[in-house]
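Everything below concerns the one structure shown next.
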Number of protein chains: 2
Amino acid sequence: MTAYLNDRFIDNSELTLHVSDLSMQRGYAIFDFLRTIKNVPLFFDDHLDRFYHSAKAMHLPVQQNREQLTSIIHQLIEQNDLPEAGIRIMLTGGYSADSYNPAQPNLIITCNPVKTSTKEDFEKGYSIITYEHQRELPYIKSISYLTAVWLQPLLREKKVNDVLYYNRQSITEFPRCNVFVVTNDGKLVTPVHHMLKGITRKQVLELAAAFMPVEERDITVDELMSAAEVFLTATTKKIIPVLKINDTIISSGKPGPVTTKLYEQFLALEQSLIS
Amino acid sequence: MTAYLNDRFIDNSELTLHVSDLSMQRGYAIFDFLRTIKNVPLFFDDHLDRFYHSAKAMHLPVQQNREQLTSIIHQLIEQNDLPEAGIRIMLTGGYSADSYNPAQPNLIITCNPVKTSTKEDFEKGYSIITYEHQRELPYIKSISYLTAVWLQPLLREKKVNDVLYYNRQSITEFPRCNVFVVTNDGKLVTPVHHMLKGITRKQVLELAAAFMPVEERDITVDELMSAAEVFLTATTKKIIPVLKINDTIISSGKPGPVTTKLYEQFLALEQSLIS
């Protein structure tokens, strides 16, 4: 695969940074991740918006303006020419002189084959646990996933697919996904505080608003556990029903009607973008 | 400078990792940092204890046993032969296949000239602010310093030297230092929960216990602000008096008698180790 480092296209195998980079010294870097189908980047503008927003919020200047970055990514997609690809755009704190204060950032863009969720993944759904944790600077898409990776052995032990964080009794997000709840009185609700606003989340909110009441607000763990339907959204996972939470079965253990309808509409939206 | 990567000594300039390493993908790595004077590593056993503890707590296996690692570090110190050096031992999550689950860790050891605090730094003391924040997995010395680095522009704006974190009204630690308080009834107290136990902290507790009552317990922000003396400890900073907190002057703006006594005893301890 071809990748991009700072100002040039290079082979992916050459994509190295010196350990003085602030990503390795202090976990200081941001990124964004988007998908392509048939060389069409999906929701490209939304991802670029968020990338520049994260960079600015982290005080990291981007050398390339939006037009230049767009052109680089299009070239990268065409050079790799994959049926479906994941594009990771990363900006680090750079080669810091004192291992603490950011320097000129390093920009790294990779383009690799990507595995997205299938119809079978959707039917099977997810089994999850809840865990009290608040990500640092949650509105910024940073590389800070310390607790998420650290929890992996616990998830394997519990035989669950993922972990949903909550902060003082309100659910917030999964480490890499947003959460949605269909209430018993037929509303679609999703958290809005202390979390990262996903691009798939945005699309789902727009799709749902056309046929049901939609609310962005705090959701307690109790409300989650008694929900009619629960699902998650993410770029590669698209929409996955949550069918078991801490050993409690949700919506009789089957994908609910609202989740299914939104999933079908989302797949149709995806198709409309590439045809 | 000569450095060490996994199984060999290399020049520091060659110390690169591929961006698929989990330190760059997910901020997943641990480290420890110790000093040498005249090629003698200070409090070496304590630093090795903590390094192996951090590695285990992060589920990262260390290929080298303690004897092997000790030998490598001694060779590195002798090869670089610096009057005073900082040794950074780092263990990352490795080249992860899925950018999420740890693989075989990468071990990186660097040895560089180090600047430690001077008598002038001690006399001048620190001006600090308090900030509500809880580090993730605080008992592990990980590379997670996202909030700390992000706060640097605020510290410059406020013209202060550092930031002291608190968690629900109890002070915990600085991003890279421990905090001590001398109470008005002559006790030395320091936090014990939700923070990393520093090696200098341990030495200071032992020195103080010989001549005054010492307590490890929660300390409220109110108790901090009305303290007789406040100081911080860290490997390169040694002991620095805190003379101003959020615009409030502490101990008349001058290093207090307990802080000064401990500082002198710590310098003497350091000398005893290298002579």
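Scheme for the structure tokens: letters A, B, ... for chains in order shown; per-chain residue numbers from 1; ligand numbers from 1 in order shown.
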- Query: When the cut-off is 8 Å and we count only C-alpha atoms, which residues of chain B are near chain A, given as a PyMOL selection string?
  - Reply: chain B and resi 13-19+23-29+58-59+100-102+136-137+143-147+149-150+152
Is it possible to see chain A as a PDB file with C-alpha atoms, in the first residue's frame, once it has been laid onto chain B by a least-squares fit on every C-alpha atom in order?
ATOM      1  CA  MET A   1      24.035   8.986  21.910  1.00  0.00           C
ATOM      2  CA  THR A   2      23.616   5.219  21.910  1.00  0.00           C
ATOM      3  CA  ALA A   3      20.141   3.829  22.555  1.00  0.00           C
ATOM      4  CA  TYR A   4      18.643   0.351  22.781  1.00  0.00           C
ATOM      5  CA  LEU A   5      15.812  -1.102  20.698  1.00  0.00           C
ATOM      6  CA  ASN A   6      14.368  -4.545  21.524  1.00  0.00           C
ATOM      7  CA  ASP A   7      17.558  -6.586  21.312  1.00  0.00           C
ATOM      8  CA  ARG A   8      20.348  -4.297  20.134  1.00  0.00           C
ATOM      9  CA  PHE A   9      22.262  -1.090  20.743  1.00  0.00           C
ATOM     10  CA  ILE A  10      21.736   1.496  17.995  1.00  0.00           C
ATOM     11  CA  ASP A  11      22.401   5.155  17.428  1.00  0.00           C
ATOM     12  CA  ASN A  12      19.690   7.401  18.847  1.00  0.00           C
ATOM     13  CA  SER A  13      18.975   8.797  15.374  1.00  0.00           C
ATOM     14  CA  GLU A  14      17.878   5.322  14.187  1.00  0.00           C
ATOM     15  CA  LEU A  15      15.338   4.941  16.977  1.00  0.00           C
ATOM     16  CA  THR A  16      12.168   4.746  14.902  1.00  0.00           C
ATOM     17  CA  LEU A  17       8.991   2.699  15.123  1.00  0.00           C
ATOM     18  CA  HIS A  18       6.464   1.947  12.413  1.00  0.00           C
ATOM     19  CA  VAL A  19       3.253   3.919  12.936  1.00  0.00           C
ATOM     20  CA  SER A  20       1.307   0.688  13.452  1.00  0.00           C
ATOM     21  CA  ASP A  21       2.820   0.527  16.957  1.00  0.00           C
ATOM     22  CA  LEU A  22       0.045   0.790  19.541  1.00  0.00           C
ATOM     23  CA  SER A  23       1.748   3.784  21.190  1.00  0.00           C
ATOM     24  CA  MET A  24       0.948   5.808  18.057  1.00  0.00           C
ATOM     25  CA  GLN A  25      -2.351   4.115  17.236  1.00  0.00           C
ATOM     26  CA  ARG A  26      -3.884   4.190  20.727  1.00  0.00           C
ATOM     27  CA  GLY A  27      -1.471   5.901  23.135  1.00  0.00           C
ATOM     28  CA  TYR A  28      -0.753   2.471  24.667  1.00  0.00           C
ATOM     29  CA  ALA A  29       2.716   2.286  26.265  1.00  0.00           C
ATOM     30  CA  ILE A  30       4.433   2.543  29.636  1.00  0.00           C
ATOM     31  CA  PHE A  31       7.780   3.971  30.652  1.00  0.00           C
ATOM     32  CA  ASP A  32      10.003   4.817  33.556  1.00  0.00           C
ATOM     33  CA  PHE A  33      12.604   7.524  33.916  1.00  0.00           C
ATOM     34  CA  LEU A  34      15.674   7.567  36.144  1.00  0.00           C
ATOM     35  CA  ARG A  35      18.780   9.683  36.529  1.00  0.00           C
ATOM     36  CA  THR A  36      22.470   8.879  36.707  1.00  0.00           C
ATOM     37  CA  ILE A  37      25.278  10.889  38.282  1.00  0.00           C
ATOM     38  CA  LYS A  38      28.858   9.853  37.432  1.00  0.00           C
ATOM     39  CA  ASN A  39      27.384   6.767  35.738  1.00  0.00           C
ATOM     40  CA  VAL A  40      25.604   5.654  38.927  1.00  0.00           C
ATOM     41  CA  PRO A  41      21.852   5.128  38.380  1.00  0.00           C
ATOM     42  CA  LEU A  42      19.937   6.628  41.319  1.00  0.00           C
ATOM     43  CA  PHE A  43      17.298   4.537  43.110  1.00  0.00           C
ATOM     44  CA  PHE A  44      17.706   1.963  40.335  1.00  0.00           C
ATOM     45  CA  ASP A  45      15.861  -0.839  42.142  1.00  0.00           C
ATOM     46  CA  ASP A  46      12.842   1.364  42.821  1.00  0.00           C
ATOM     47  CA  HIS A  47      12.627   2.393  39.159  1.00  0.00           C
ATOM     48  CA  LEU A  48      12.969  -1.194  37.947  1.00  0.00           C
ATOM     49  CA  ASP A  49      10.297  -2.302  40.434  1.00  0.00           C
ATOM     50  CA  ARG A  50       7.934   0.318  39.073  1.00  0.00           C
ATOM     51  CA  PHE A  51       8.759  -0.455  35.424  1.00  0.00           C
ATOM     52  CA  TYR A  52       7.923  -4.141  35.836  1.00  0.00           C
ATOM     53  CA  HIS A  53       4.828  -3.241  37.860  1.00  0.00           C
ATOM     54  CA  SER A  54       3.569  -0.882  35.120  1.00  0.00           C
ATOM     55  CA  ALA A  55       4.259  -3.468  32.402  1.00  0.00           C
ATOM     56  CA  LYS A  56       2.368  -6.174  34.267  1.00  0.00           C
ATOM     57  CA  ALA A  57      -0.576  -3.905  35.074  1.00  0.00           C
ATOM     58  CA  MET A  58      -0.812  -2.993  31.359  1.00  0.00           C
ATOM     59  CA  HIS A  59      -0.694  -6.670  30.304  1.00  0.00           C
ATOM     60  CA  LEU A  60       2.598  -6.103  28.441  1.00  0.00           C
ATOM     61  CA  PRO A  61       5.191  -8.889  28.761  1.00  0.00           C
ATOM     62  CA  VAL A  62       8.857  -7.840  29.168  1.00  0.00           C
ATOM     63  CA  GLN A  63      11.189 -10.128  27.196  1.00  0.00           C
ATOM     64  CA  GLN A  64      14.177  -9.266  29.409  1.00  0.00           C
ATOM     65  CA  ASN A  65      14.275 -10.408  32.995  1.00  0.00           C
ATOM     66  CA  ARG A  66      15.482  -8.032  35.683  1.00  0.00           C
ATOM     67  CA  GLU A  67      19.078  -9.173  35.502  1.00  0.00           C
ATOM     68  CA  GLN A  68      19.213  -8.767  31.717  1.00  0.00           C
ATOM     69  CA  LEU A  69      17.555  -5.348  31.786  1.00  0.00           C
ATOM     70  CA  THR A  70      19.937  -4.187  34.529  1.00  0.00           C
ATOM     71  CA  SER A  71      22.915  -5.291  32.461  1.00  0.00           C
ATOM     72  CA  ILE A  72      21.636  -3.555  29.295  1.00  0.00           C
ATOM     73  CA  ILE A  73      21.090  -0.280  31.152  1.00  0.00           C
ATOM     74  CA  HIS A  74      24.542  -0.420  32.763  1.00  0.00           C
ATOM     75  CA  GLN A  75      26.113  -0.991  29.328  1.00  0.00           C
ATOM     76  CA  LEU A  76      24.123   1.921  27.885  1.00  0.00           C
ATOM     77  CA  ILE A  77      25.260   4.224  30.690  1.00  0.00           C
ATOM     78  CA  GLU A  78      28.893   3.262  30.193  1.00  0.00           C
ATOM     79  CA  GLN A  79      28.782   3.594  26.403  1.00  0.00           C
ATOM     80  CA  ASN A  80      27.336   7.122  26.637  1.00  0.00           C
ATOM     81  CA  ASP A  81      29.485   8.093  29.637  1.00  0.00           C
ATOM     82  CA  LEU A  82      27.682  11.342  30.569  1.00  0.00           C
ATOM     83  CA  PRO A  83      28.270  13.313  33.804  1.00  0.00           C
ATOM     84  CA  GLU A  84      24.500  13.312  34.414  1.00  0.00           C
ATOM     85  CA  ALA A  85      22.034  11.343  32.283  1.00  0.00           C
ATOM     86  CA  GLY A  86      18.328  10.647  32.082  1.00  0.00           C
ATOM     87  CA  ILE A  87      17.432   7.048  31.238  1.00  0.00           C
ATOM     88  CA  ARG A  88      14.002   6.455  29.715  1.00  0.00           C
ATOM     89  CA  ILE A  89      12.852   2.827  29.562  1.00  0.00           C
ATOM     90  CA  MET A  90       9.746   2.505  27.397  1.00  0.00           C
ATOM     91  CA  LEU A  91       7.583  -0.490  26.524  1.00  0.00           C
ATOM     92  CA  THR A  92       4.888  -0.101  23.881  1.00  0.00           C
ATOM     93  CA  GLY A  93       1.834  -2.097  22.824  1.00  0.00           C
ATOM     94  CA  GLY A  94       3.770  -3.286  19.754  1.00  0.00           C
ATOM     95  CA  TYR A  95       2.866  -3.649  16.075  1.00  0.00           C
ATOM     96  CA  SER A  96      -0.806  -4.378  16.463  1.00  0.00           C
ATOM     97  CA  ALA A  97      -2.514  -6.263  13.619  1.00  0.00           C
ATOM     98  CA  ASP A  98      -5.893  -4.613  14.263  1.00  0.00           C
ATOM     99  CA  SER A  99      -4.643  -1.265  15.657  1.00  0.00           C
ATOM    100  CA  TYR A 100      -6.359  -2.112  18.931  1.00  0.00           C
ATOM    101  CA  ASN A 101      -5.080  -5.255  20.632  1.00  0.00           C
ATOM    102  CA  PRO A 102      -1.484  -5.341  21.948  1.00  0.00           C
ATOM    103  CA  ALA A 103       1.114  -7.463  20.132  1.00  0.00           C
ATOM    104  CA  GLN A 104       4.754  -8.261  21.010  1.00  0.00           C
ATOM    105  CA  PRO A 105       5.875  -5.059  22.813  1.00  0.00           C
ATOM    106  CA  ASN A 106       8.687  -2.838  21.561  1.00  0.00           C
ATOM    107  CA  LEU A 107      11.317  -1.982  24.191  1.00  0.00           C
ATOM    108  CA  ILE A 108      13.133   1.325  23.782  1.00  0.00           C
ATOM    109  CA  ILE A 109      15.813   2.624  26.150  1.00  0.00           C
ATOM    110  CA  THR A 110      17.343   6.059  25.686  1.00  0.00           C
ATOM    111  CA  CYS A 111      20.175   7.744  27.587  1.00  0.00           C
ATOM    112  CA  ASN A 112      20.486  11.510  27.189  1.00  0.00           C
ATOM    113  CA  PRO A 113      22.013  14.476  29.012  1.00  0.00           C
ATOM    114  CA  VAL A 114      19.582  15.657  31.681  1.00  0.00           C
ATOM    115  CA  LYS A 115      18.980  19.043  33.290  1.00  0.00           C
ATOM    116  CA  THR A 116      18.069  18.840  36.947  1.00  0.00           C
ATOM    117  CA  SER A 117      16.790  21.587  39.217  1.00  0.00           C
ATOM    118  CA  THR A 118      19.382  23.920  40.747  1.00  0.00           C
ATOM    119  CA  LYS A 119      19.672  25.735  44.073  1.00  0.00           C
ATOM    120  CA  GLU A 120      18.331  28.830  42.232  1.00  0.00           C
ATOM    121  CA  ASP A 121      15.251  26.871  41.058  1.00  0.00           C
ATOM    122  CA  PHE A 122      14.701  25.851  44.677  1.00  0.00           C
ATOM    123  CA  GLU A 123      14.990  29.427  45.987  1.00  0.00           C
ATOM    124  CA  LYS A 124      12.676  30.787  43.316  1.00  0.00           C
ATOM    125  CA  GLY A 125      10.005  28.120  43.878  1.00  0.00           C
ATOM    126  CA  TYR A 126       6.934  27.418  41.764  1.00  0.00           C
ATOM    127  CA  SER A 127       3.760  29.298  41.027  1.00  0.00           C
ATOM    128  CA  ILE A 128       0.931  26.871  40.188  1.00  0.00           C
ATOM    129  CA  ILE A 129      -2.771  26.566  39.460  1.00  0.00           C
ATOM    130  CA  THR A 130      -5.179  23.811  40.441  1.00  0.00           C
ATOM    131  CA  TYR A 131      -7.286  22.000  37.831  1.00  0.00           C
ATOM    132  CA  GLU A 132      -9.968  19.322  38.170  1.00  0.00           C
ATOM    133  CA  HIS A 133      -8.792  16.251  36.293  1.00  0.00           C
ATOM    134  CA  GLN A 134      -8.258  12.561  36.951  1.00  0.00           C
ATOM    135  CA  ARG A 135      -5.556  10.732  34.990  1.00  0.00           C
ATOM    136  CA  GLU A 136      -6.539   7.359  33.541  1.00  0.00           C
ATOM    137  CA  LEU A 137      -5.132   4.304  35.341  1.00  0.00           C
ATOM    138  CA  PRO A 138      -3.072   6.622  37.575  1.00  0.00           C
ATOM    139  CA  TYR A 139      -1.120   3.857  39.350  1.00  0.00           C
ATOM    140  CA  ILE A 140       0.504   2.920  36.033  1.00  0.00           C
ATOM    141  CA  LYS A 141       3.295   5.091  34.591  1.00  0.00           C
ATOM    142  CA  SER A 142       1.822   5.240  31.090  1.00  0.00           C
ATOM    143  CA  ILE A 143       2.435   7.748  28.278  1.00  0.00           C
ATOM    144  CA  SER A 144      -1.074   9.194  28.823  1.00  0.00           C
ATOM    145  CA  TYR A 145      -0.410  12.952  29.210  1.00  0.00           C
ATOM    146  CA  LEU A 146      -3.073  14.268  26.857  1.00  0.00           C
ATOM    147  CA  THR A 147      -4.610  16.800  29.260  1.00  0.00           C
ATOM    148  CA  ALA A 148      -1.191  17.813  30.650  1.00  0.00           C
ATOM    149  CA  VAL A 149       0.199  18.757  27.236  1.00  0.00           C
ATOM    150  CA  TRP A 150      -3.127  20.290  26.187  1.00  0.00           C
ATOM    151  CA  LEU A 151      -2.990  22.589  29.252  1.00  0.00           C
ATOM    152  CA  GLN A 152       0.430  24.068  28.346  1.00  0.00           C
ATOM    153  CA  PRO A 153      -0.986  27.169  26.568  1.00  0.00           C
ATOM    154  CA  LEU A 154      -3.152  27.895  29.649  1.00  0.00           C
ATOM    155  CA  LEU A 155      -0.105  27.635  31.940  1.00  0.00           C
ATOM    156  CA  ARG A 156       1.786  30.074  29.726  1.00  0.00           C
ATOM    157  CA  GLU A 157      -1.178  32.459  29.720  1.00  0.00           C
ATOM    158  CA  LYS A 158      -1.428  32.300  33.517  1.00  0.00           C
ATOM    159  CA  LYS A 159       2.376  32.624  33.817  1.00  0.00           C
ATOM    160  CA  VAL A 160       2.617  29.614  36.143  1.00  0.00           C
ATOM    161  CA  ASN A 161       5.105  26.740  36.290  1.00  0.00           C
ATOM    162  CA  ASP A 162       2.763  23.801  36.641  1.00  0.00           C
ATOM    163  CA  VAL A 163      -0.736  22.501  37.339  1.00  0.00           C
ATOM    164  CA  LEU A 164      -1.897  20.489  40.343  1.00  0.00           C
ATOM    165  CA  TYR A 165      -4.788  18.120  39.621  1.00  0.00           C
ATOM    166  CA  TYR A 166      -7.639  17.500  42.014  1.00  0.00           C
ATOM    167  CA  ASN A 167     -10.406  14.909  41.901  1.00  0.00           C
ATOM    168  CA  ARG A 168     -13.709  15.805  43.605  1.00  0.00           C
ATOM    169  CA  GLN A 169     -12.085  18.264  46.054  1.00  0.00           C
ATOM    170  CA  SER A 170      -9.041  16.142  46.927  1.00  0.00           C
ATOM    171  CA  ILE A 171      -5.683  17.041  45.407  1.00  0.00           C
ATOM    172  CA  THR A 172      -3.878  14.156  43.728  1.00  0.00           C
ATOM    173  CA  GLU A 173      -0.675  15.032  41.840  1.00  0.00           C
ATOM    174  CA  PHE A 174       0.986  17.214  39.219  1.00  0.00           C
ATOM    175  CA  PRO A 175       1.227  15.689  35.709  1.00  0.00           C
ATOM    176  CA  ARG A 176       4.845  14.634  36.461  1.00  0.00           C
ATOM    177  CA  CYS A 177       5.359  15.378  40.188  1.00  0.00           C
ATOM    178  CA  ASN A 178       3.967  14.454  43.579  1.00  0.00           C
ATOM    179  CA  VAL A 179       2.706  17.043  46.060  1.00  0.00           C
ATOM    180  CA  PHE A 180       3.474  17.393  49.780  1.00  0.00           C
ATOM    181  CA  VAL A 181       1.832  19.638  52.385  1.00  0.00           C
ATOM    182  CA  VAL A 182       3.248  20.700  55.768  1.00  0.00           C
ATOM    183  CA  THR A 183       0.227  21.309  58.007  1.00  0.00           C
ATOM    184  CA  ASN A 184      -0.052  24.110  60.553  1.00  0.00           C
ATOM    185  CA  ASP A 185       0.299  21.556  63.354  1.00  0.00           C
ATOM    186  CA  GLY A 186       3.608  20.308  61.948  1.00  0.00           C
ATOM    187  CA  LYS A 187       2.743  17.137  60.040  1.00  0.00           C
ATOM    188  CA  LEU A 188       3.962  16.194  56.577  1.00  0.00           C
ATOM    189  CA  VAL A 189       1.047  14.884  54.493  1.00  0.00           C
ATOM    190  CA  THR A 190       0.830  13.649  50.911  1.00  0.00           C
ATOM    191  CA  PRO A 191      -1.997  12.106  48.818  1.00  0.00           C
ATOM    192  CA  VAL A 192      -2.162   8.337  48.457  1.00  0.00           C
ATOM    193  CA  HIS A 193      -5.186   7.725  46.181  1.00  0.00           C
ATOM    194  CA  HIS A 194      -5.753   8.214  42.429  1.00  0.00           C
ATOM    195  CA  MET A 195      -2.096   9.097  41.743  1.00  0.00           C
ATOM    196  CA  LEU A 196       1.289   7.658  40.803  1.00  0.00           C
ATOM    197  CA  LYS A 197       3.694   6.995  43.654  1.00  0.00           C
ATOM    198  CA  GLY A 198       6.948   8.690  42.711  1.00  0.00           C
ATOM    199  CA  ILE A 199      10.400   7.418  43.661  1.00  0.00           C
ATOM    200  CA  THR A 200      11.479  10.819  45.042  1.00  0.00           C
ATOM    201  CA  ARG A 201       8.201  10.853  47.012  1.00  0.00           C
ATOM    202  CA  LYS A 202       9.220   7.552  48.613  1.00  0.00           C
ATOM    203  CA  GLN A 203      12.665   8.881  49.589  1.00  0.00           C
ATOM    204  CA  VAL A 204      11.201  12.084  51.036  1.00  0.00           C
ATOM    205  CA  LEU A 205       8.684  10.127  53.121  1.00  0.00           C
ATOM    206  CA  GLU A 206      11.527   8.070  54.572  1.00  0.00           C
ATOM    207  CA  LEU A 207      13.700  11.105  55.304  1.00  0.00           C
ATOM    208  CA  ALA A 208      10.844  13.028  56.963  1.00  0.00           C
ATOM    209  CA  ALA A 209       9.688  10.108  59.111  1.00  0.00           C
ATOM    210  CA  ALA A 210      12.950  10.404  61.069  1.00  0.00           C
ATOM    211  CA  PHE A 211      12.073  13.833  62.466  1.00  0.00           C
ATOM    212  CA  MET A 212       8.327  14.556  62.072  1.00  0.00           C
ATOM    213  CA  PRO A 213       4.892  12.888  61.866  1.00  0.00           C
ATOM    214  CA  VAL A 214       4.106  11.745  58.324  1.00  0.00           C
ATOM    215  CA  GLU A 215       0.689  10.861  56.883  1.00  0.00           C
ATOM    216  CA  GLU A 216      -0.404   9.484  53.501  1.00  0.00           C
ATOM    217  CA  ARG A 217      -4.054  10.504  53.119  1.00  0.00           C
ATOM    218  CA  ASP A 218      -6.563  12.593  51.143  1.00  0.00           C
ATOM    219  CA  ILE A 219      -5.964  16.357  51.249  1.00  0.00           C
ATOM    220  CA  THR A 220      -8.705  18.822  50.300  1.00  0.00           C
ATOM    221  CA  VAL A 221      -8.042  21.900  48.167  1.00  0.00           C
ATOM    222  CA  ASP A 222      -9.009  24.024  51.223  1.00  0.00           C
ATOM    223  CA  GLU A 223      -6.371  22.306  53.368  1.00  0.00           C
ATOM    224  CA  LEU A 224      -3.793  22.864  50.626  1.00  0.00           C
ATOM    225  CA  MET A 225      -4.552  26.579  50.406  1.00  0.00           C
ATOM    226  CA  SER A 226      -4.122  27.100  54.147  1.00  0.00           C
ATOM    227  CA  ALA A 227      -0.979  24.933  54.485  1.00  0.00           C
ATOM    228  CA  ALA A 228       2.181  26.103  56.272  1.00  0.00           C
ATOM    229  CA  GLU A 229       4.347  24.821  53.396  1.00  0.00           C
ATOM    230  CA  VAL A 230       3.728  23.079  50.063  1.00  0.00           C
ATOM    231  CA  PHE A 231       6.317  21.425  47.844  1.00  0.00           C
ATOM    232  CA  LEU A 232       6.595  19.033  44.934  1.00  0.00           C
ATOM    233  CA  THR A 233       8.926  16.113  44.230  1.00  0.00           C
ATOM    234  CA  ALA A 234      10.082  14.553  40.956  1.00  0.00           C
ATOM    235  CA  THR A 235      13.121  12.779  39.551  1.00  0.00           C
ATOM    236  CA  THR A 236      14.636  15.762  37.699  1.00  0.00           C
ATOM    237  CA  LYS A 237      13.070  18.504  39.836  1.00  0.00           C
ATOM    238  CA  LYS A 238      14.086  16.814  43.103  1.00  0.00           C
ATOM    239  CA  ILE A 239      12.255  19.098  45.601  1.00  0.00           C
ATOM    240  CA  ILE A 240      10.737  22.475  44.626  1.00  0.00           C
ATOM    241  CA  PRO A 241       8.773  24.692  47.045  1.00  0.00           C
ATOM    242  CA  VAL A 242       5.315  25.798  45.846  1.00  0.00           C
ATOM    243  CA  LEU A 243       5.070  29.483  46.799  1.00  0.00           C
ATOM    244  CA  LYS A 244       1.917  30.602  44.974  1.00  0.00           C
ATOM    245  CA  ILE A 245      -1.304  28.700  44.230  1.00  0.00           C
ATOM    246  CA  ASN A 246      -4.074  30.336  42.149  1.00  0.00           C
ATOM    247  CA  ASP A 247      -2.708  33.794  43.158  1.00  0.00           C
ATOM    248  CA  THR A 248      -2.570  32.903  46.880  1.00  0.00           C
ATOM    249  CA  ILE A 249       0.891  33.261  48.438  1.00  0.00           C
ATOM    250  CA  ILE A 250       2.027  30.188  50.414  1.00  0.00           C
ATOM    251  CA  SER A 251       4.434  30.332  53.409  1.00  0.00           C
ATOM    252  CA  SER A 252       5.098  34.065  52.896  1.00  0.00           C
ATOM    253  CA  GLY A 253       6.460  33.368  49.417  1.00  0.00           C
ATOM    254  CA  LYS A 254       9.706  31.795  50.673  1.00  0.00           C
ATOM    255  CA  PRO A 255      10.885  28.173  50.988  1.00  0.00           C
ATOM    256  CA  GLY A 256       9.774  27.002  54.456  1.00  0.00           C
ATOM    257  CA  PRO A 257      11.983  25.320  57.098  1.00  0.00           C
ATOM    258  CA  VAL A 258      10.660  21.769  56.579  1.00  0.00           C
ATOM    259  CA  THR A 259      10.976  21.996  52.775  1.00  0.00           C
ATOM    260  CA  THR A 260      14.517  23.370  53.110  1.00  0.00           C
ATOM    261  CA  LYS A 261      15.560  20.686  55.593  1.00  0.00           C
ATOM    262  CA  LEU A 262      14.216  17.900  53.383  1.00  0.00           C
ATOM    263  CA  TYR A 263      15.880  19.412  50.302  1.00  0.00           C
ATOM    264  CA  GLU A 264      19.267  19.486  52.040  1.00  0.00           C
ATOM    265  CA  GLN A 265      18.828  15.946  53.313  1.00  0.00           C
ATOM    266  CA  PHE A 266      17.834  14.764  49.833  1.00  0.00           C
ATOM    267  CA  LEU A 267      20.923  16.348  48.232  1.00  0.00           C
ATOM    268  CA  ALA A 268      23.067  14.687  50.913  1.00  0.00           C
ATOM    269  CA  LEU A 269      21.393  11.328  50.215  1.00  0.00           C
ATOM    270  CA  GLU A 270      22.131  11.750  46.498  1.00  0.00           C
ATOM    271  CA  GLN A 271      25.790  12.495  47.252  1.00  0.00           C
ATOM    272  CA  SER A 272      26.056   9.469  49.534  1.00  0.00           C
ATOM    273  CA  LEU A 273      24.892   7.239  46.659  1.00  0.00           C
ATOM    274  CA  ILE A 274      27.607   8.354  44.241  1.00  0.00           C
ATOM    275  CA  SER A 275      30.617   8.598  46.558  1.00  0.00           C
TER     276      SER A 275
END
- Among range 233-268 of chain A, which residues carry a DSSP assignment of strand (DSSP E or B), reported as a VMD selection string? chain A and resid 233 to 234 238 to 245 248 to 249
